[in-house]
Amino acid sequence: MRSADSAGARPLRRGRLARALLIGAALVTVGLAYAVLVPNGAMGADGPQSQQIEEGRKLFAVGCASCHGIHAEGGADGEGNFTGPSLIGVGAAAVDFQVGTGRMPATQPGAQIPAKPPVYTDEEIAALAAYVASLGPGPAIPPEEYYDVSNATQEEVTRGGELFRTNCTACHNFAGSGGALPNGKYAPSLMETSPKNLYQAMLTGPQQMPVFSDAVLLPEDKRAIIAYVVSLQQQHNPGGFGLGRLGPVSEGLWGWLVGIGALIAVAVWIGAKVPRA
């Protein structure tokens with residue numbers, strides 16, 4: 001009986017050993033395949049991408065963590081008041097827009113964070129974007145061909161104007177001059193916004209702006225809108241003073257204040273010159 005039990009146990013042990021060897025071989029095969037297929041810069045701990053992410057992490061800890069949390073999970077002060085949103089999943093494009101336009105780091109909280117000269121260099125902005133992108137999937141910085149409209153056709157500009165008037169004029173004005181919004185917020189003027197930042201703003205929806213993802217506006221639609229806005233930026237004022245292109249209300253107000261006011265002043269002056277009987 002003892003020898004029979006031992007004989008039955010040997011195949012069982014051999015079967016377990018065979019399974020362990022098979023699993024080990026499979027793991028080695030997968031590891032080798034990963035080493036062959038993954039680019040060296042992305043895989044190596046000391047690769048350029050990893051170094052850039054580490055540099056971005058250090059910059060984030062110094063300049064951003066006080067509001068957004070040490071791990072970009074969102075921040076709150078000692079009294080539990082919200083200080084900054086989570087940045088996990090916002091993507092590199094959001095960082096490139098916010099930091100590249102100087103809106104971040106914010107000097108102080110408020111209803112609207114205005115644009116200002118950037119605090120960081122281009123290399124530092126790229127490192128911050130790489131670090132935030134490593135925290136979770138999100139919109140990437142678009143390649144130049146997505147927003148380069150130097151060779152845009154008139155048909156593309158016309159279509160972009162139609163899309164702009166449908167989706168953007170409610171906030172940015174028909175001429176891209178911006179306008180006031182409720183609760184102390186405003187839509188900024190687009191007259192000095194670069195094509196890259198126009199695309200990134202549509203892609204990420206900064207502050208109160210809605211997100212125009214590729215499911216809402218195709219990349220070619222965004223490019224057409226950019227072509228139209230660039231045409232507005234390059235447009236001259238054949239009549240002279242453009243009055244900010246804020247529309248007929250402001251133009252009518254100027255007409256009344258300056259035109260009618262000047263006529264009243266002239267009438268009063270003439271009346272004062274008439275000799276009295």
# chains A, B, ... in the order shown; residues from 1 in each chain; ligands from 1
>>> residues_around(residues="region 115-127 of chain A", least_positions_apart="4", cutoff="8 Å", atoms="only C-alpha atoms", output="list in words")
Gln52, Ile53, Glu54, Glu55, Gly56, Arg57, Leu59, Val95, Asp96, Val99, Gly100, Thr101, Gly102, Arg103, Pro105 and Tyr131 of chain A
>>> select_by_dssp(residues="region 170-229 of chain A", states="alpha helix (DSSP H)", output="MDAnalysis selection string")
chainID A and resid 170:172 195:204 219:229
>>> select_by_dssp(residues="region 31-225 of chain A", states="strand (DSSP E or B)", output="PyMOL selection string")
chain A and resi 75-76+82-84+179-180+186-187
>>> closest_residue(among="A:Ile113, A:Val132, A:Thr29, A:Glu156", to="Phe60 (chain A)", atoms="only C-alpha atoms")
A:Val132
>>> atom_distance(atom1="CA of Gln98 (chain A)", atom2="CA of Ser150 (chain A)")
24.6 Å
>>> residues_around(residues="Met209 (chain A)", least_positions_apart="2", cutoff="12 Å", atoms="only C-alpha atoms", output="PyMOL selection string")
chain A and resi 112+167-168+170-172+181+185-188+198+200-207+211-212
>>> write_last_selection(atoms="C-alpha atoms", output="tab-separated table (two decimals), in the first residue's frame")
chain	number	residue	atom	x	y	z
A	112	GLN	CA	-11.39	84.01	-13.26
A	167	ASN	CA	-20.38	77.34	-31.03
A	168	CYS	CA	-18.31	80.31	-29.82
A	170	ALA	CA	-22.28	83.38	-27.32
A	171	CYS	CA	-19.23	83.94	-25.11
A	172	HIS	CA	-16.39	85.25	-27.29
A	181	LEU	CA	-20.19	86.19	-18.20
A	185	LYS	CA	-16.31	85.57	-15.10
A	186	TYR	CA	-15.54	86.53	-18.68
A	187	ALA	CA	-14.62	85.01	-22.01
A	188	PRO	CA	-11.20	86.37	-22.97
A	198	LEU	CA	-6.79	77.87	-29.55
A	200	GLN	CA	-5.76	73.20	-26.74
A	201	ALA	CA	-8.50	75.39	-25.28
A	202	MET	CA	-11.12	73.64	-27.39
A	203	LEU	CA	-9.62	70.27	-26.51
A	204	THR	CA	-9.46	70.78	-22.74
A	205	GLY	CA	-12.12	73.38	-21.87
A	206	PRO	CA	-10.21	75.67	-19.47
A	207	GLN	CA	-12.14	77.28	-16.61
A	211	VAL	CA	-14.81	70.79	-23.76
A	212	PHE	CA	-15.01	70.35	-27.53
>>> closest_residue(among="A:Pro142, A:Cys67, A:Gly259, A:Ala265", to="Gln108 (chain A)", atoms="only C-alpha atoms")
A:Cys67
>>> closest_residue(among="A:Lys58, A:Arg223, A:His71, A:His236", to="Gly136 (chain A)", atoms="only C-alpha atoms")
A:His71
